[in-house]
file query_39.txt (compact mmCIF, C-alpha atoms and all ligand atoms)
# COMPACT_ATOMS: atom_id res chain seq x y z
CA MET A 1 0.00 0.00 0.00
CA THR A 2 1.30 3.47 -0.86
CA ALA A 3 2.11 5.57 2.19
CA ILE A 4 0.02 8.71 2.63
CA THR A 5 2.17 11.78 2.23
CA GLY A 6 1.61 15.49 2.68
CA ILE A 7 3.48 18.67 1.78
CA VAL A 8 4.61 20.64 4.81
CA LEU A 9 5.98 24.14 4.46
CA GLU A 10 7.63 24.40 7.85
CA ILE A 11 7.72 23.03 11.37
CA GLN A 12 8.01 25.73 14.01
CA ARG A 13 8.86 24.85 17.56
CA MET A 14 8.17 26.75 20.80
CA SER A 15 5.04 28.56 19.56
CA THR A 16 3.06 30.23 22.31
CA GLU A 17 0.12 31.76 20.40
CA ASP A 18 -1.21 28.79 18.44
CA GLY A 19 -3.21 27.13 21.19
CA PRO A 20 -2.62 26.38 24.88
CA GLY A 21 0.90 25.98 26.31
CA ILE A 22 4.11 25.56 24.36
CA ARG A 23 3.40 24.10 20.95
CA THR A 24 4.99 22.90 17.78
CA THR A 25 3.17 24.31 14.77
CA VAL A 26 3.11 22.46 11.48
CA PHE A 27 2.52 24.78 8.53
CA MET A 28 0.88 22.82 5.72
CA LYS A 29 1.09 23.94 2.07
CA GLY A 30 -2.06 25.05 0.28
CA CYS A 31 -4.85 27.49 1.09
CA PRO A 32 -8.19 28.14 -0.66
CA LEU A 33 -8.12 31.85 0.24
CA LYS A 34 -5.96 34.66 -1.08
CA CYS A 35 -6.14 37.20 1.73
CA VAL A 36 -4.61 40.49 0.68
CA TRP A 37 -2.79 40.67 4.02
CA CYS A 38 -1.51 37.06 3.96
CA HIS A 39 1.67 36.86 6.03
CA ASN A 40 2.56 33.40 4.71
CA PRO A 41 2.23 33.86 0.92
CA GLU A 42 4.58 30.91 0.40
CA SER A 43 1.94 28.66 1.93
CA ILE A 44 -0.88 29.48 -0.53
CA ARG A 45 0.12 27.15 -3.38
CA LEU A 46 -0.28 23.48 -2.59
CA LYS A 47 2.68 22.53 -4.77
CA GLN A 48 6.32 22.96 -3.91
CA GLN A 49 7.86 26.24 -5.13
CA VAL A 50 11.35 27.66 -5.34
CA GLN A 51 12.49 31.04 -4.12
CA TRP A 52 15.73 32.92 -4.67
CA ILE A 53 17.48 34.63 -1.76
CA GLY A 54 19.63 37.29 -3.40
CA SER A 55 21.82 38.00 -0.36
CA ARG A 56 23.16 34.41 -0.46
CA CYS A 57 23.77 34.19 -4.20
CA ILE A 58 27.39 34.15 -5.47
CA GLY A 59 26.34 34.47 -9.10
CA CYS A 60 27.77 31.13 -10.31
CA LYS A 61 24.73 30.50 -12.56
CA LEU A 62 24.87 26.75 -11.90
CA CYS A 63 21.13 26.81 -11.27
CA VAL A 64 20.50 28.42 -14.67
CA THR A 65 22.45 25.82 -16.61
CA THR A 66 21.03 22.90 -14.59
CA CYS A 67 17.31 23.69 -14.61
CA PRO A 68 15.73 21.02 -16.84
CA ASN A 69 12.86 23.32 -17.76
CA GLY A 70 14.75 26.48 -18.74
CA ALA A 71 12.92 28.38 -16.03
CA LEU A 72 15.90 30.40 -14.81
CA SER A 73 17.85 33.29 -16.26
CA PHE A 74 20.40 35.69 -14.80
CA ASP A 75 20.17 39.43 -15.23
CA ASN A 76 21.65 41.20 -12.27
CA GLY A 77 20.12 38.39 -10.22
CA ILE A 78 18.18 35.20 -10.81
CA ILE A 79 14.85 35.55 -12.60
CA ILE A 80 12.40 32.67 -12.18
CA ASP A 81 9.91 32.09 -14.99
CA ARG A 82 7.12 30.60 -12.89
CA THR A 83 5.19 29.50 -15.94
CA ARG A 84 8.05 27.08 -16.70
CA CYS A 85 9.16 26.11 -13.18
CA LYS A 86 7.87 22.67 -12.14
CA GLY A 87 9.10 22.91 -8.54
CA CYS A 88 11.40 19.89 -9.09
CA GLY A 89 14.08 21.31 -6.78
CA THR A 90 17.05 20.48 -9.07
CA CYS A 91 18.31 24.05 -8.81
CA THR A 92 18.29 23.90 -5.01
CA GLU A 93 20.42 20.75 -5.09
CA VAL A 94 23.16 22.29 -7.23
CA CYS A 95 23.19 25.74 -5.62
CA PRO A 96 26.40 25.94 -3.55
CA SER A 97 25.17 28.71 -1.25
CA THR A 98 21.53 27.76 -0.44
CA ALA A 99 20.36 30.81 -2.39
CA MET A 100 17.77 28.68 -4.20
CA GLU A 101 15.33 27.30 -1.67
CA LEU A 102 12.55 24.78 -2.09
CA LEU A 103 9.39 25.75 -0.22
CA GLY A 104 7.56 22.67 0.98
CA LYS A 105 8.78 19.19 1.82
CA ARG A 106 6.90 15.96 1.27
CA TRP A 107 6.56 13.94 4.48
CA GLU A 108 5.23 10.50 5.27
CA VAL A 109 2.89 10.37 8.26
CA ASN A 110 5.18 8.23 10.44
CA SER A 111 8.26 10.36 9.79
CA LEU A 112 6.44 13.60 10.56
CA VAL A 113 4.97 12.23 13.78
CA HIS A 114 8.40 10.94 14.81
CA GLU A 115 9.83 14.42 14.21
CA LEU A 116 7.03 16.14 16.14
CA LEU A 117 7.28 13.84 19.15
CA LYS A 118 10.83 15.05 19.78
CA ASP A 119 9.24 17.98 21.64
CA LYS A 120 6.93 15.86 23.77
CA ALA A 121 8.60 16.88 27.05
CA TYR A 122 7.75 20.56 26.39
CA PHE A 123 4.12 19.72 25.67
CA LEU A 124 3.71 17.68 28.83
CA THR A 125 5.29 20.27 31.14
CA SER A 126 3.50 23.29 29.64
CA GLY A 127 0.07 21.90 28.82
CA GLY A 128 0.92 22.41 25.17
CA GLY A 129 0.84 20.22 22.09
CA ILE A 130 0.84 20.32 18.34
CA THR A 131 -1.05 22.70 16.06
CA ILE A 132 -1.63 21.97 12.40
CA SER A 133 -1.74 25.30 10.59
CA GLY A 134 -1.01 26.50 7.09
CA GLY A 135 -1.94 27.34 4.57
CA GLU A 136 -5.14 25.59 5.44
CA SER A 137 -4.95 22.70 7.88
CA THR A 138 -7.96 20.85 6.48
CA LEU A 139 -6.86 20.86 2.82
CA GLN A 140 -4.61 17.78 2.84
CA THR A 141 -7.31 16.03 4.82
CA LYS A 142 -6.26 12.37 4.76
CA PHE A 143 -2.67 13.14 5.64
CA VAL A 144 -3.61 15.49 8.48
CA GLN A 145 -6.16 13.00 9.80
CA GLN A 146 -3.53 10.24 10.00
CA VAL A 147 -1.07 12.59 11.73
CA LEU A 148 -3.73 13.61 14.27
CA ILE A 149 -4.73 10.00 14.93
CA GLN A 150 -1.13 9.08 15.71
CA LEU A 151 -0.62 12.14 17.90
CA LYS A 152 -3.74 11.30 19.92
CA HIS A 153 -2.44 7.73 20.22
CA HIS A 154 0.67 9.24 21.87
CA GLY A 155 -1.47 11.35 24.23
CA ILE A 156 -0.62 14.70 22.61
CA HIS A 157 -2.94 17.72 22.79
CA THR A 158 -3.87 18.67 19.21
CA ALA A 159 -5.17 21.82 17.53
CA ILE A 160 -6.06 22.76 13.98
CA ASP A 161 -5.95 26.30 12.69
CA THR A 162 -8.52 26.79 9.94
CA CYS A 163 -9.79 29.62 7.75
CA GLY A 164 -13.14 27.82 7.74
CA ILE A 165 -13.24 27.16 3.98
CA CYS A 166 -13.55 23.40 3.80
CA ASN A 167 -16.26 20.85 3.27
CA GLN A 168 -18.01 19.33 6.25
CA HIS A 169 -16.75 15.88 5.29
CA ALA A 170 -13.21 17.11 6.01
CA LEU A 171 -14.35 18.38 9.41
CA ASP A 172 -16.02 15.04 10.12
CA MET A 173 -12.72 13.33 9.36
CA LEU A 174 -10.60 15.61 11.54
CA LEU A 175 -12.67 16.80 14.51
CA PRO A 176 -12.63 13.46 16.40
CA TYR A 177 -8.87 13.85 16.83
CA VAL A 178 -8.73 17.56 17.68
CA ASP A 179 -8.74 19.18 21.14
CA CYS A 180 -8.80 22.83 20.08
CA VAL A 181 -9.94 24.57 16.89
CA LEU A 182 -8.44 27.95 16.01
CA TYR A 183 -11.06 29.51 13.73
CA ASP A 184 -10.77 32.69 11.69
CA LEU A 185 -13.63 35.19 11.53
CA LYS A 186 -12.05 37.94 9.49
CA GLU A 187 -14.79 40.09 8.00
CA MET A 188 -18.56 39.94 8.41
CA ASP A 189 -19.54 41.92 5.31
CA PRO A 190 -19.84 39.24 2.58
CA GLN A 191 -18.85 41.55 -0.27
CA LYS A 192 -15.81 42.88 1.56
CA HIS A 193 -14.90 39.31 2.46
CA ILE A 194 -14.80 38.45 -1.24
CA VAL A 195 -12.68 41.50 -2.02
CA PHE A 196 -10.25 40.82 0.83
CA THR A 197 -9.91 37.03 0.52
CA GLY A 198 -11.32 35.97 -2.85
CA LYS A 199 -14.22 34.03 -1.31
CA SER A 200 -17.53 34.72 0.42
CA ASN A 201 -17.76 34.20 4.19
CA ASP A 202 -20.92 32.15 3.78
CA GLY A 203 -19.26 28.74 4.15
CA ILE A 204 -17.08 30.02 7.00
CA LEU A 205 -20.12 31.09 9.04
CA LYS A 206 -21.85 27.76 8.30
CA ASN A 207 -18.81 25.74 9.30
CA VAL A 208 -18.28 27.45 12.64
CA ARG A 209 -21.91 26.65 13.51
CA PHE A 210 -21.29 23.07 12.36
CA ILE A 211 -18.24 22.79 14.63
CA ILE A 212 -20.10 24.18 17.66
CA GLU A 213 -22.98 21.78 17.05
CA TYR A 214 -20.53 18.92 16.60
CA MET A 215 -18.95 19.79 19.95
CA ASN A 216 -22.34 19.83 21.64
CA ASN A 217 -23.04 16.34 20.34
CA HIS A 218 -19.63 14.79 20.86
CA LEU A 219 -18.02 16.80 23.68
CA TYR A 220 -14.95 17.27 21.50
CA PRO A 221 -13.09 19.19 20.31
CA ARG A 222 -13.01 20.79 23.74
CA GLU A 223 -12.59 24.42 22.74
CA VAL A 224 -12.63 26.96 19.92
CA TRP A 225 -10.48 30.07 19.70
CA ILE A 226 -11.86 32.69 17.30
CA ARG A 227 -9.20 34.75 15.53
CA THR A 228 -9.68 38.09 13.79
CA PRO A 229 -6.92 39.86 11.88
CA LEU A 230 -6.92 43.62 12.40
CA ILE A 231 -5.78 44.94 9.04
CA PRO A 232 -5.57 48.74 8.64
CA GLY A 233 -7.92 49.97 5.92
CA LYS A 234 -9.48 46.48 5.60
CA THR A 235 -10.89 44.51 8.56
CA ALA A 236 -9.87 46.98 11.30
CA TYR A 237 -13.01 49.09 11.61
CA ASP A 238 -15.54 49.40 14.39
CA GLU A 239 -18.57 47.93 12.58
CA ASN A 240 -16.68 44.77 11.69
CA ILE A 241 -15.52 44.14 15.26
CA VAL A 242 -19.05 44.80 16.55
CA ALA A 243 -20.52 42.43 13.92
CA ILE A 244 -18.07 39.65 14.81
CA ALA A 245 -18.83 40.17 18.51
CA HIS A 246 -22.54 39.86 17.77
CA TYR A 247 -21.94 36.70 15.77
CA ILE A 248 -19.98 35.19 18.68
CA ASN A 249 -22.93 36.18 20.91
CA LEU A 250 -25.28 34.33 18.57
CA LEU A 251 -23.10 31.23 18.79
CA HIS A 252 -23.01 31.76 22.57
CA SER A 253 -21.14 28.58 23.32
CA LYS A 254 -19.06 27.64 26.33
CA ALA A 255 -16.81 25.98 23.79
CA ILE A 256 -15.55 29.41 22.65
CA THR A 257 -12.83 30.14 25.17
CA ARG A 258 -10.94 32.93 23.46
CA TRP A 259 -11.25 35.64 20.81
CA ASP A 260 -7.89 36.81 19.50
CA LEU A 261 -7.52 40.17 17.81
CA CYS A 262 -4.34 39.77 15.76
CA ALA A 263 -2.75 43.07 14.76
CA PHE A 264 -1.42 43.35 11.20
CA ASN A 265 2.29 42.75 10.75
CA ASN A 266 4.46 43.49 7.75
CA LEU A 267 7.31 41.13 8.52
CA CYS A 268 6.44 39.19 5.40
CA LYS A 269 7.47 41.94 2.90
CA ASP A 270 10.59 40.02 1.83
CA LYS A 271 8.62 36.83 1.28
CA TYR A 272 6.57 38.55 -1.43
CA THR A 273 9.75 39.89 -3.04
CA ARG A 274 11.37 36.44 -3.09
CA LEU A 275 8.27 34.95 -4.70
CA GLY A 276 8.19 37.73 -7.28
CA ILE A 277 4.76 38.92 -6.15
CA SER A 278 3.86 42.56 -5.58
CA TRP A 279 2.10 43.18 -2.25
CA GLU A 280 -0.68 45.73 -1.88
CA LEU A 281 0.06 46.22 1.83
CA GLU A 282 3.82 46.59 1.50
CA ASN A 283 3.74 50.12 2.88
CA ALA A 284 0.65 49.83 5.06
CA PRO A 285 1.31 51.18 8.56
CA LEU A 286 1.05 49.01 11.63
CA LEU A 287 -1.74 49.86 14.05
CA THR A 288 -0.78 52.16 16.89
CA LYS A 289 -1.02 50.78 20.41
CA GLU A 290 -3.97 53.13 20.96
CA GLU A 291 -5.78 51.76 17.89
CA LEU A 292 -5.24 48.19 19.06
CA MET A 293 -6.58 49.12 22.52
CA HIS A 294 -9.56 50.83 20.85
CA PHE A 295 -10.54 47.65 18.96
CA GLU A 296 -9.96 45.58 22.07
CA ALA A 297 -12.33 47.87 24.01
CA ILE A 298 -14.99 47.62 21.27
CA ALA A 299 -14.70 43.84 21.26
CA ARG A 300 -15.00 43.66 25.04
CA GLU A 301 -18.00 46.02 25.10
CA ASN A 302 -19.92 44.00 22.52
CA VAL A 303 -19.12 40.35 23.19
CA TYR A 304 -21.06 38.51 25.89
CA ASN A 305 -17.91 37.60 27.82
CA PRO A 306 -15.22 40.34 27.72
CA ALA A 307 -12.68 37.95 29.24
CA LEU A 308 -12.57 36.08 25.91
CA VAL A 309 -10.81 38.97 24.18
CA LYS A 310 -7.02 38.89 23.82
CA THR A 311 -4.75 40.90 21.55
CA SER A 312 -1.50 40.02 19.85
CA GLY A 313 0.77 41.39 17.17
CA SER A 314 2.78 44.41 16.22
CA THR A 315 2.07 48.06 17.00
CA ARG A 316 3.53 51.36 15.82
CA ILE A 317 4.89 53.73 18.42
CA GLU A 318 5.60 57.42 17.68
CA GLY A 319 6.22 56.88 14.00
CA ASP A 320 8.49 53.87 14.46
CA GLU A 321 7.20 50.45 13.69
CA VAL A 322 7.92 48.37 16.75
CA LEU A 323 7.36 44.68 17.04
CA VAL A 324 5.80 43.75 20.35
CA ALA A 325 4.85 40.19 19.51
CA LYS A 326 6.69 37.13 18.35
CA PRO A 327 8.91 37.66 15.32
CA LYS A 328 8.19 34.07 14.29
CA LYS A 329 6.20 32.66 11.45
CA MET A 330 2.56 33.43 12.20
CA SER A 331 -0.29 31.02 11.89
CA GLY A 332 -3.90 31.89 11.28
CA CYS A 333 -5.81 34.98 10.26
S1 LIG A 401 23.32 28.31 -8.16
FE1 LIG A 401 22.83 29.48 -6.34
S2 LIG A 401 24.59 30.82 -6.04
FE2 LIG A 401 24.70 30.06 -8.16
S3 LIG A 401 23.63 31.64 -9.34
FE3 LIG A 401 22.12 30.07 -8.83
S4 LIG A 401 21.21 30.89 -6.93
FE4 LIG A 401 23.12 32.00 -7.21
S1 LIG A 402 12.56 23.98 -9.27
FE1 LIG A 402 13.13 22.77 -11.08
S2 LIG A 402 11.98 23.71 -12.73
FE2 LIG A 402 11.93 25.16 -11.06
S3 LIG A 402 13.64 26.57 -11.43
FE3 LIG A 402 14.39 24.93 -10.10
S4 LIG A 402 15.25 23.39 -11.46
FE4 LIG A 402 13.95 24.73 -12.69
call {"tool": "encode", "arguments": {"input": "query_39.txt", "output": "structure tokens"}}
result
Amino acid sequence: MTAITGIVLEIQRMSTEDGPGIRTTVFMKGCPLKCVWCHNPESIRLKQQVQWIGSRCIGCKLCVTTCPNGALSFDNGIIIDRTRCKGCGTCTEVCPSTAMELLGKRWEVNSLVHELLKDKAYFLTSGGGITISGGESTLQTKFVQQVLIQLKHHGIHTAIDTCGICNQHALDMLLPYVDCVLYDLKEMDPQKHIVFTGKSNDGILKNVRFIIEYMNNHLYPREVWIRTPLIPGKTAYDENIVAIAHYINLLHSKAITRWDLCAFNNLCKDKYTRLGISWELENAPLLTKEELMHFEAIARENVYNPALVKTSGSTRIEGDEVLVAKPKKMSGC
């Protein structure tokens, strides 16, 4: 029988925002949304991709002459013709300075679980575990299901981080092996949701209700964390925060134990450059601390349990952009 495999973008250890305790977060490749603020643009495509890191390149052009698809040229730097690149990784193998990087690695279930269990001691002492993020955690459903089953077999606390765009069959397959669901509610206006992410929020609102109902009937997963990205000029406006609060009130479930307001960060600028993609928010300012506190206050005033509301992310202080949260890869939102 062929082993089930999945494409993982990155494994990040010692995460503290992706569920309870200290966690290892697995970033899967592939996402059905194209959020204009996406801070992991390299996770959107399901397939493996290459990127060129100019600061490491010594200009030997080995990659250009080796590429079997003629996808590379050199003109004051490597130019990748993405219509020709097949993501085969040959260029990354010959590059002497790791300037060509392959994004995404194919893992077998057993090998990934073996790798993840190396951090078991941290999980047990901190009440943490493993979070499957992305990209979209539910997209490579069979692979993720098998990973979760094995993790539960080893007594590990599990979480999935989802944008909510998935079919209910995928949720049926995964939820029995999940302790905590991190669920994005980004924008309540359906038209704006389409403009910001490429898809309507209709399915997202249906699926969060499905998950809550599932929890009522099965007593697991045990909790849901709602996550809302605060993007200047996009989702960060009073009416949106009020509308999300009201939606959480409608759900009114004990299962919802946290509502995270995640401030916009622009740490991903270079990722867009390396992928050869222009980024609409490249020069967007971070929120000020006062703005973040303002949205936090609105959320607390309007949601049925103010203690649910937490904030995270970067803020701008007196004209300087200062990072006050983790400078790590970010999951969710
Ligand atoms: S092989 Fe690597 S170092 Fe040489 S030109 Fe290509 S990217 Fe630069
Ligand atoms: S990944 Fe393969 S096809 Fe793409 S540029 Fe590298 S060698 Fe060429």
call {"tool": "closest_residue", "arguments": {"input": "query_39.txt", "among": "A:Thr25, A:Ser55, A:Thr158, A:Ser200", "to": "ligand LIG 401 (chain A)", "atoms": "only C-alpha atoms and all ligand atoms"}}
result
A:Ser55
call {"tool": "atom_distance", "arguments": {"input": "query_39.txt", "atom1": "CA of Lys271 (chain A)", "atom2": "CA of Tyr183 (chain A)"}}
result
24.4 Å
call {"tool": "closest_residue", "arguments": {"input": "query_39.txt", "among": "A:Gly77, A:Gly127, A:Pro41, A:Gly70", "to": "ligand LIG 401 (chain A)", "atoms": "all atoms listed in the file"}}
result
A:Gly77
call {"tool": "closest_residue", "arguments": {"input": "query_39.txt", "among": "A:Arg23, A:Lys310, A:Lys289, A:Arg56", "to": "Ile132 (chain A)", "atoms": "only C-alpha atoms"}}
result
A:Arg23
call {"tool": "atom_distance", "arguments": {"input": "query_39.txt", "atom1": "CA of Ile194 (chain A)", "atom2": "CA of Pro306 (chain A)"}}
result
29.0 Å
call {"tool": "decode", "arguments": {"input": "query_39.txt", "residues": "region 247-258 of chain A", "atoms": "all heavy atoms", "output": "mmCIF file, in the first residue's frame"}}
result
data_model
loop_
_atom_site.group_PDB
_atom_site.id
_atom_site.type_symbol
_atom_site.label_atom_id
_atom_site.label_comp_id
_atom_site.auth_asym_id
_atom_site.auth_seq_id
_atom_site.Cartn_x
_atom_site.Cartn_y
_atom_site.Cartn_z
ATOM 1 N N TYR A 247 -21.860 38.073 16.283
ATOM 2 C CA TYR A 247 -21.935 36.697 15.766
ATOM 3 C C TYR A 247 -21.486 35.697 16.844
ATOM 4 O O TYR A 247 -22.096 34.636 17.010
ATOM 5 C CB TYR A 247 -21.079 36.554 14.503
ATOM 6 C CG TYR A 247 -21.488 35.334 13.720
ATOM 7 C CD1 TYR A 247 -22.635 35.340 12.933
ATOM 8 C CD2 TYR A 247 -20.769 34.144 13.820
ATOM 9 C CE1 TYR A 247 -23.055 34.215 12.256
ATOM 10 C CE2 TYR A 247 -21.170 33.013 13.135
ATOM 11 C CZ TYR A 247 -22.315 33.050 12.352
ATOM 12 O OH TYR A 247 -22.728 31.927 11.692
ATOM 13 N N ILE A 248 -20.442 36.068 17.580
ATOM 14 C CA ILE A 248 -19.984 35.194 18.678
ATOM 15 C C ILE A 248 -21.100 35.092 19.732
ATOM 16 O O ILE A 248 -21.345 34.028 20.303
ATOM 17 C CB ILE A 248 -18.669 35.735 19.291
ATOM 18 C CG1 ILE A 248 -17.549 35.632 18.251
ATOM 19 C CG2 ILE A 248 -18.291 34.969 20.563
ATOM 20 C CD1 ILE A 248 -16.234 36.273 18.651
ATOM 21 N N ASN A 249 -21.802 36.216 19.953
ATOM 22 C CA ASN A 249 -22.928 36.178 20.907
ATOM 23 C C ASN A 249 -24.018 35.230 20.438
ATOM 24 O O ASN A 249 -24.627 34.526 21.241
ATOM 25 C CB ASN A 249 -23.519 37.584 21.087
ATOM 26 C CG ASN A 249 -22.527 38.524 21.751
ATOM 27 O OD1 ASN A 249 -21.533 38.069 22.319
ATOM 28 N ND2 ASN A 249 -22.788 39.821 21.686
ATOM 29 N N LEU A 250 -24.272 35.245 19.116
ATOM 30 C CA LEU A 250 -25.281 34.329 18.568
ATOM 31 C C LEU A 250 -24.877 32.874 18.797
ATOM 32 O O LEU A 250 -25.704 32.029 19.155
ATOM 33 C CB LEU A 250 -25.428 34.548 17.058
ATOM 34 C CG LEU A 250 -26.420 35.573 16.557
ATOM 35 C CD1 LEU A 250 -26.374 35.603 15.036
ATOM 36 C CD2 LEU A 250 -27.827 35.211 17.025
ATOM 37 N N LEU A 251 -23.597 32.598 18.590
ATOM 38 C CA LEU A 251 -23.102 31.227 18.792
ATOM 39 C C LEU A 251 -23.193 30.856 20.273
ATOM 40 O O LEU A 251 -23.452 29.714 20.639
ATOM 41 C CB LEU A 251 -21.643 31.094 18.319
ATOM 42 C CG LEU A 251 -21.394 31.304 16.826
ATOM 43 C CD1 LEU A 251 -19.899 31.411 16.546
ATOM 44 C CD2 LEU A 251 -21.999 30.160 16.008
ATOM 45 N N HIS A 252 -22.946 31.832 21.112
ATOM 46 C CA HIS A 252 -23.006 31.756 22.573
ATOM 47 C C HIS A 252 -22.727 30.340 23.099
ATOM 48 O O HIS A 252 -23.584 29.659 23.650
ATOM 49 C CB HIS A 252 -24.380 32.225 23.073
ATOM 50 C CG HIS A 252 -24.296 32.741 24.489
ATOM 51 N ND1 HIS A 252 -24.101 31.917 25.577
ATOM 52 C CD2 HIS A 252 -24.355 33.995 24.987
ATOM 53 C CE1 HIS A 252 -24.042 32.636 26.674
ATOM 54 N NE2 HIS A 252 -24.189 33.906 26.340
ATOM 55 N N SER A 253 -21.487 29.934 22.914
ATOM 56 C CA SER A 253 -21.138 28.579 23.319
ATOM 57 C C SER A 253 -20.015 28.617 24.341
ATOM 58 O O SER A 253 -19.053 29.384 24.187
ATOM 59 C CB SER A 253 -20.688 27.793 22.085
ATOM 60 O OG SER A 253 -20.086 26.599 22.478
ATOM 61 N N LYS A 254 -20.133 27.769 25.334
ATOM 62 C CA LYS A 254 -19.056 27.644 26.327
ATOM 63 C C LYS A 254 -17.778 27.148 25.666
ATOM 64 O O LYS A 254 -16.691 27.286 26.206
ATOM 65 C CB LYS A 254 -19.463 26.623 27.396
ATOM 66 C CG LYS A 254 -20.338 27.198 28.477
ATOM 67 C CD LYS A 254 -20.502 26.163 29.580
ATOM 68 C CE LYS A 254 -21.686 26.549 30.438
ATOM 69 N NZ LYS A 254 -22.351 25.409 31.029
ATOM 70 N N ALA A 255 -17.970 26.521 24.497
ATOM 71 C CA ALA A 255 -16.809 25.980 23.790
ATOM 72 C C ALA A 255 -15.876 27.095 23.314
ATOM 73 O O ALA A 255 -14.681 26.879 23.117
ATOM 74 C CB ALA A 255 -17.282 25.172 22.587
ATOM 75 N N ILE A 256 -16.417 28.311 23.089
ATOM 76 C CA ILE A 256 -15.549 29.414 22.649
ATOM 77 C C ILE A 256 -14.857 29.975 23.888
ATOM 78 O O ILE A 256 -15.491 30.550 24.770
ATOM 79 C CB ILE A 256 -16.362 30.502 21.926
ATOM 80 C CG1 ILE A 256 -17.014 29.901 20.680
ATOM 81 C CG2 ILE A 256 -15.470 31.680 21.552
ATOM 82 C CD1 ILE A 256 -17.916 30.844 19.923
ATOM 83 N N THR A 257 -13.561 29.754 23.961
ATOM 84 C CA THR A 257 -12.834 30.137 25.174
ATOM 85 C C THR A 257 -11.917 31.335 24.944
ATOM 86 O O THR A 257 -11.290 31.810 25.894
ATOM 87 C CB THR A 257 -11.988 28.958 25.682
ATOM 88 O OG1 THR A 257 -11.131 28.535 24.612
ATOM 89 C CG2 THR A 257 -12.865 27.803 26.133
ATOM 90 N N ARG A 258 -11.839 31.803 23.700
ATOM 91 C CA ARG A 258 -10.936 32.928 23.456
ATOM 92 C C ARG A 258 -11.274 33.580 22.121
ATOM 93 O O ARG A 258 -11.663 32.899 21.172
ATOM 94 C CB ARG A 258 -9.501 32.366 23.445
ATOM 95 C CG ARG A 258 -8.417 33.358 23.227
ATOM 96 C CD ARG A 258 -7.092 32.788 23.732
ATOM 97 N NE ARG A 258 -5.989 33.441 23.075
ATOM 98 C CZ ARG A 258 -4.740 33.500 23.526
ATOM 99 N NH1 ARG A 258 -4.439 32.900 24.662
ATOM 100 N NH2 ARG A 258 -3.808 34.122 22.863
#
